[in-house]
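Engineer: For reference, the structure I am asking about is given below.
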Amino acid sequence: MPLGSGVMKGLKTMLMVTGRKPATVLYPEQLRDISYRFRGQVGMRRDEVTGGMTCVGCGLCETACPNDVIRVDTSENEDGTRFVDRYLFDVGRCVFCYFCIEACPVDALQRTHDFHLITDDRRGLLIDGEKMIEIYEHDQANREAEQKNIGPGAALANWFERG
Amino acid sequence: MTVVSGVADARMDLERGSGDNMILNMGPQHPSTHGVLRLVIELDGEEVRRCDADMGYLHRGVEKLLEVHDYRGGITLTDRMDYTSGPSNNMAYLMAIEKLMGITDDIPLRARYLRTAVAELSRLAAHHIWLGTHGLDIGAMSAFLWSLREREKILYLFEEACGARLTTSFMRVGGTGPHDVGDQWLDNVEAFLNGYTLDEIDALLTENEVFIERTRDVGLITQEQALSYGLTGPVIRGSGIAWDLRKAQPYAAYDLVDFEVPVFTEGDVYARYLVRLNEMYQSKRIIGQCVEALRDLPLDAPSNVDLPQVVPPDIGRVPVDMEAMINHFKLVMHGVQPPPGESYFGIENPKGELGFYFVSDGTGMPYRCHVRSPSFVNLSIIEEISVGSLIADVVAIIGSVDIVLGEVDR
Ligand code: SF4
Ligand code: SF4
């Protein structure tokens, strides 16, 4: 092979691909589609009956979490039943493994697609159950609006169409 | 007064008086050392006289942490070792536990195929990182960008299957856990494979004279060296030794799929490049076969072993079925509890043999855990093969050995 033919082959390839659509998404103006199973911030479901957290205070999520993110404090009513005093979630330590969600026996903890976790204050990373309900409901509302056509699999299909 | 910090400094200091040679610090923030590796290089002009690798900048004590987490919690830590191929690490960790529990043969076929497919996808992703950065070190910018574009698609597939791109925590002891996939995902993988081509990058690099000049006969590793250093993975296959755990000790579904192990005998940087490039074509083949096999399995084929002491019951049954609830609580509180004993299991990670060694005392946490990480072992050869080469070639050598510092330091 004559010297330089390898380089020429590369140049030819480069010429062939000019004009191809860029694969980049211009975040933050554009958001890429998020797939259905995306593990974002952990949310909490609201209990239809009580209007508060669905959590029954069993403490399984606390045990299952590998990073001590969750703290559940419970107290006892006079009749001996238990209730949740306080549910604390330290987002700064969470690795989004979702072991807590797998562990929760009453489906209180829920998947959300929320990944904008930025705050300007460390204390903003320590959230309670009410805030988690808020996150979950906000995410549910958003998901319907933004991701009408994002069922399982559609996100990827959209990506491949882009180039 | 200078503070002598590392062993490498001390050794260099002892010899500093020996001549006019210059001591050069490469890293730990140097982009070409692929992470926080620090090389202390003694230079005579442009020629490397000595090279000392100093590591530990990314030490997080993963082995110790694994001993204080239950077996499930440890999965999240393994993601963060070789962060270019998370699922592969998960798999090595879990298969070692499964061996410890003696349930290796019980893993259902669906899980085995899915594990294989995902491990090969992660091999592709990891090799794309290597291909990109290795090319970039030598001056090929486009290959880097195209590599990352392809890798991004693979990360999308991971996100589709399990919800995360890098820190996947993909599988669980006894199968794939909650991350079984449907036909939609298989369609997507197929679409990815159909559109996937390495030929463009191949055309840019493989015959490029500049690339060949920079890589051929650089960083030679002989067969004897490769064996005596205990190298594994593409590095040893570039030196003419056909050692691949996927063939030598088939695990998961590797004995059910058809693939070849590329071997090159030259032992230089270029040979290692060719090994990995050909491996990527083989990975594509394996994934295709796994997808077909998964399609052929009935949809309700189990993806987890049917052992209540290993796999938690269906969460829907927990609030209504007392037995399921007790089982679920027991598994979350105490985790899986392998019988006392020890086990070692190694798999062929993208970088080489990744092995986990466990000693169990019968409780829910390992008594001792050791990780045999391929990057750490392969790194040791750099000190020897850099000597006598030019300073610019050191960059090519590091790239060709393909280390990930998260795994070296653990
Ligand atoms: S997602 Fe993982 S790290 Fe985060 S709170 Fe749940 S169990 Fe803990
Ligand atoms: S596992 Fe569910 S019910 Fe139990 S404490 Fe956690 S959130 Fe509450």
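Residues in the structure tokens are named by chain (A, B, ... in the order shown) and by number from 1 within that chain; ligands are numbered from 1 in the order shown.
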Counting only C-alpha atoms and all ligand atoms, name the residues that have an atom within 12 Å of an atom of ligand 2; the answer should be given as JSON, numbers by chain.

Structural biologist: {"A": [42, 43, 44, 45, 46, 47, 52, 53, 54, 55, 56, 57, 58, 59, 60, 61, 62, 63, 64, 65, 69, 70, 71, 72, 73, 74, 82, 83, 84, 85, 86, 87, 88, 89, 98, 99, 100, 101, 102, 103, 104, 105, 106, 107, 108, 109, 110, 128, 129, 132, 133], "B": [315, 318, 319, 328, 329, 332, 333]}

Engineer: Run DSSP on the backbone and tell me which residues of chain A come out as strand (DSSP E); list them as a PyMOL selection string.

Structural biologist: chain A and resi 42-44+70-76+82-90+109-111+126-128

Engineer: Would you give me, as a PyMOL selection string, the residues of chain B that come within 9 Å of chain A, using only C-alpha atoms?

Structural biologist: chain B and resi 69-70+72-74+76+142+149+153+156-157+159-165+167-169+178+184-185+187-188+191-192+195+200-210+315-316+318-319+325+328-329+332-333+335

Engineer: Write the selection just made, keeping N, CA and C atoms, as a short mmCIF file (atom, residue, chain, number, x, y, z; two decimals), in the first residue's frame?

Structural biologist:
data_model
loop_
_atom_site.label_atom_id
_atom_site.label_comp_id
_atom_site.auth_asym_id
_atom_site.auth_seq_id
_atom_site.Cartn_x
_atom_site.Cartn_y
_atom_site.Cartn_z
N HIS B 69 -21.61 -4.18 54.61
CA HIS B 69 -22.93 -4.12 53.98
C HIS B 69 -23.45 -5.54 53.83
N ASP B 70 -24.76 -5.67 53.78
CA ASP B 70 -25.28 -7.01 53.50
C ASP B 70 -25.02 -7.31 52.02
N ARG B 72 -26.83 -7.71 49.52
CA ARG B 72 -27.53 -6.93 48.50
C ARG B 72 -26.97 -5.51 48.43
N GLY B 73 -26.72 -4.91 49.59
CA GLY B 73 -26.20 -3.54 49.60
C GLY B 73 -24.87 -3.42 48.87
N GLY B 74 -24.10 -4.52 48.87
CA GLY B 74 -22.80 -4.48 48.21
C GLY B 74 -22.90 -4.27 46.71
N THR B 76 -24.41 -2.07 45.09
CA THR B 76 -24.22 -0.67 44.72
C THR B 76 -22.75 -0.28 44.74
N SER B 142 -11.92 12.46 16.28
CA SER B 142 -13.24 11.99 15.80
C SER B 142 -13.59 10.64 16.38
N ARG B 149 -20.61 8.47 21.22
CA ARG B 149 -21.98 8.45 20.70
C ARG B 149 -22.53 7.03 20.75
N LYS B 153 -25.68 5.18 23.33
CA LYS B 153 -26.84 4.34 22.99
C LYS B 153 -26.90 3.13 23.91
N TYR B 156 -28.26 4.07 27.13
CA TYR B 156 -29.71 4.18 27.01
C TYR B 156 -30.38 2.83 27.21
N LEU B 157 -29.76 1.82 26.62
CA LEU B 157 -30.34 0.48 26.77
C LEU B 157 -30.32 0.05 28.24
N GLU B 159 -30.42 2.06 30.75
CA GLU B 159 -31.43 2.86 31.44
C GLU B 159 -32.82 2.28 31.22
N GLU B 160 -33.05 1.81 30.01
CA GLU B 160 -34.33 1.19 29.69
C GLU B 160 -34.56 -0.06 30.52
N ALA B 161 -33.50 -0.85 30.71
CA ALA B 161 -33.68 -2.14 31.36
C ALA B 161 -33.73 -2.00 32.86
N CYS B 162 -32.90 -1.12 33.43
CA CYS B 162 -32.83 -1.10 34.89
C CYS B 162 -32.99 0.28 35.48
N GLY B 163 -32.95 1.34 34.69
CA GLY B 163 -33.23 2.66 35.25
C GLY B 163 -32.03 3.53 35.45
N ALA B 164 -30.82 3.01 35.33
CA ALA B 164 -29.66 3.86 35.53
C ALA B 164 -28.66 3.60 34.41
N ARG B 165 -27.82 4.58 34.16
CA ARG B 165 -26.91 4.47 33.03
C ARG B 165 -25.57 3.85 33.44
N THR B 167 -24.35 3.54 37.15
CA THR B 167 -24.42 2.79 38.41
C THR B 167 -25.68 1.93 38.38
N THR B 168 -25.57 0.84 37.63
CA THR B 168 -26.78 0.12 37.25
C THR B 168 -27.42 -0.71 38.36
N SER B 169 -26.61 -1.29 39.24
CA SER B 169 -27.13 -2.25 40.24
C SER B 169 -28.10 -3.19 39.55
N PRO B 178 -35.63 -7.39 39.92
CA PRO B 178 -36.83 -6.81 39.31
C PRO B 178 -36.60 -6.35 37.88
N GLN B 184 -40.04 -5.23 24.03
CA GLN B 184 -39.70 -3.88 23.61
C GLN B 184 -38.19 -3.64 23.72
N TRP B 185 -37.65 -4.08 24.85
CA TRP B 185 -36.21 -3.88 25.05
C TRP B 185 -35.42 -4.70 24.05
N ASP B 187 -36.37 -5.51 21.11
CA ASP B 187 -36.47 -4.78 19.84
C ASP B 187 -35.43 -3.68 19.79
N ASN B 188 -35.33 -2.96 20.91
CA ASN B 188 -34.39 -1.84 20.94
C ASN B 188 -32.95 -2.31 20.79
N ALA B 191 -32.47 -3.07 17.24
CA ALA B 191 -32.33 -1.84 16.46
C ALA B 191 -30.93 -1.26 16.64
N PHE B 192 -30.45 -1.33 17.88
CA PHE B 192 -29.10 -0.83 18.15
C PHE B 192 -28.06 -1.64 17.38
N GLY B 195 -28.02 -0.89 13.67
CA GLY B 195 -27.42 0.39 13.30
C GLY B 195 -25.98 0.51 13.74
N GLU B 200 -16.55 2.76 10.71
CA GLU B 200 -16.08 4.14 10.56
C GLU B 200 -14.84 4.38 11.40
N ILE B 201 -14.91 3.96 12.66
CA ILE B 201 -13.76 4.15 13.54
C ILE B 201 -12.59 3.32 13.05
N ASP B 202 -12.92 2.11 12.59
CA ASP B 202 -11.93 1.22 12.02
C ASP B 202 -11.21 1.91 10.86
N ALA B 203 -11.99 2.56 9.99
CA ALA B 203 -11.40 3.22 8.83
C ALA B 203 -10.51 4.39 9.24
N LEU B 204 -10.87 5.02 10.36
CA LEU B 204 -10.06 6.16 10.81
C LEU B 204 -8.72 5.72 11.37
N LEU B 205 -8.73 4.61 12.11
CA LEU B 205 -7.53 4.28 12.89
C LEU B 205 -6.70 3.13 12.34
N THR B 206 -7.34 2.02 12.00
CA THR B 206 -6.59 0.77 11.83
C THR B 206 -5.48 0.88 10.79
N GLU B 207 -5.75 1.56 9.68
CA GLU B 207 -4.72 1.62 8.65
C GLU B 207 -4.01 2.97 8.64
N ASN B 208 -4.39 3.82 9.55
CA ASN B 208 -3.80 5.16 9.57
C ASN B 208 -2.31 5.08 9.89
N GLU B 209 -1.48 5.61 9.01
CA GLU B 209 -0.04 5.48 9.18
C GLU B 209 0.46 6.14 10.46
N VAL B 210 -0.14 7.27 10.80
CA VAL B 210 0.29 7.96 12.02
C VAL B 210 0.00 7.09 13.24
N ILE B 315 -44.10 -8.56 45.29
CA ILE B 315 -44.47 -7.54 46.28
C ILE B 315 -45.99 -7.41 46.42
N GLY B 316 -46.73 -7.75 45.38
CA GLY B 316 -48.19 -7.66 45.45
C GLY B 316 -48.78 -8.61 46.48
N VAL B 318 -47.36 -9.43 49.31
CA VAL B 318 -46.88 -9.19 50.68
C VAL B 318 -47.97 -8.69 51.63
N PRO B 319 -48.78 -7.69 51.24
CA PRO B 319 -49.77 -7.21 52.22
C PRO B 319 -50.91 -8.20 52.47
N MET B 325 -45.34 -12.21 53.53
CA MET B 325 -44.88 -11.05 54.29
C MET B 325 -43.71 -11.42 55.20
N HIS B 328 -40.69 -11.84 53.09
CA HIS B 328 -40.18 -10.55 52.60
C HIS B 328 -39.44 -9.82 53.71
N PHE B 329 -40.04 -9.73 54.88
CA PHE B 329 -39.41 -9.04 56.00
C PHE B 329 -38.09 -9.69 56.36
N VAL B 332 -35.41 -8.81 53.79
CA VAL B 332 -34.92 -7.43 53.83
C VAL B 332 -34.10 -7.19 55.09
N MET B 333 -34.56 -7.74 56.21
CA MET B 333 -33.86 -7.47 57.47
C MET B 333 -32.52 -8.21 57.54
N GLY B 335 -31.18 -10.32 54.89
CA GLY B 335 -30.52 -10.57 53.63
C GLY B 335 -30.34 -12.05 53.35
#

Engineer: Near range 128-138 of chain B, counting only C-alpha atoms, which residues have an atom at most 6 Å away, once you skip same-chain residues fewer than 5 positions from it, shown as a CSV table (one decimal) with N, CA and C atoms, in the first residue's frame?

Structural biologist:
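result-v2.csv, written as the output of this step:
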chain,number,residue,atom,x,y,z
B,143,ALA,N,-12.6,9.8,16.5
B,143,ALA,CA,-12.8,8.4,17.0
B,143,ALA,C,-13.4,8.5,18.4
B,144,PHE,N,-12.9,9.5,19.2
B,144,PHE,CA,-13.4,9.7,20.5
B,144,PHE,C,-14.9,10.1,20.5
B,147,SER,N,-17.1,7.2,19.3
B,147,SER,CA,-17.1,6.2,20.3
B,147,SER,C,-18.1,6.5,21.4
B,399,GLY,N,-2.7,3.8,27.6
B,399,GLY,CA,-4.0,3.6,26.9
B,399,GLY,C,-4.2,2.2,26.5

Engineer: Tell me, which residues of range 78-156 of chain A carry DSSP helix (DSSP H, G or I), written as a VMD selection string?

Structural biologist: chain A and resid 91 to 93 99 to 103 122 to 125 129 to 146 154 to 156

Engineer: Using only C-alpha atoms and all ligand atoms, which of A:Asp90, A:Glu76, A:Glu137, A:Glu48 sits nearest ligand 1?

Structural biologist: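 Using only C-alpha atoms and all ligand atoms, ligand 1 sits closest to A:Asp90.
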
Engineer: Between B:Val36, B:Val336, B:Val387, B:Ile75, which one has atoms that come closest to Glu407 in chain B, using only C-alpha atoms?

Structural biologist: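 The shortest atom-to-atom distance to Glu407 in chain B comes from B:Val36.
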
Engineer: Using only C-alpha atoms, which residues sit within 7 Å of Leu294 in chain B once same-chain residues fewer than 4 positions away are excluded, as a VMD selection string?

Structural biologist: chain B and resid 110 113 290

Engineer: May I ask for the distance between CA of Thr116 in chain B and CA of Tyr251 in chain B, given in Å to one decimal place?

Structural biologist: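 Taking CA of Thr116 in chain B and CA of Tyr251 in chain B, their separation equals 8.9 Å.
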
Engineer: Pick out the residues sitting within 7 Å of range 38-46 of chain B, and hand them over as a list of chain:residue names; count only C-alpha atoms, and ignore anything fewer than 4 positions along from it in its own chain.

Structural biologist: B:Ala8, B:Asn21, B:Met22, B:Ile23, B:Leu24, B:Asn25, B:Met26, B:Gly27, B:Pro28, B:Arg50, B:Cys51, B:Asp52, B:Ala53, B:Asp54, B:Met55, B:Leu390, B:Ile391

Engineer: With a distance cut-off of 8 Å and only C-alpha atoms, select the neighbouring residues of range 365-370 of chain B, excluding the residue or stretch itself and same-chain residues fewer than 3 positions from it, and output the selection as number ranges by chain.

Structural biologist: B: 63-64, 66-71, 337, 356-361

Engineer: With only C-alpha atoms as the counted atoms, please give the residues lying no more than 9 Å from Arg372 in chain B, apart from itself and same-chain residues fewer than 5 positions off, as a PyMOL selection string.

Structural biologist: chain B and resi 346+353-357+377
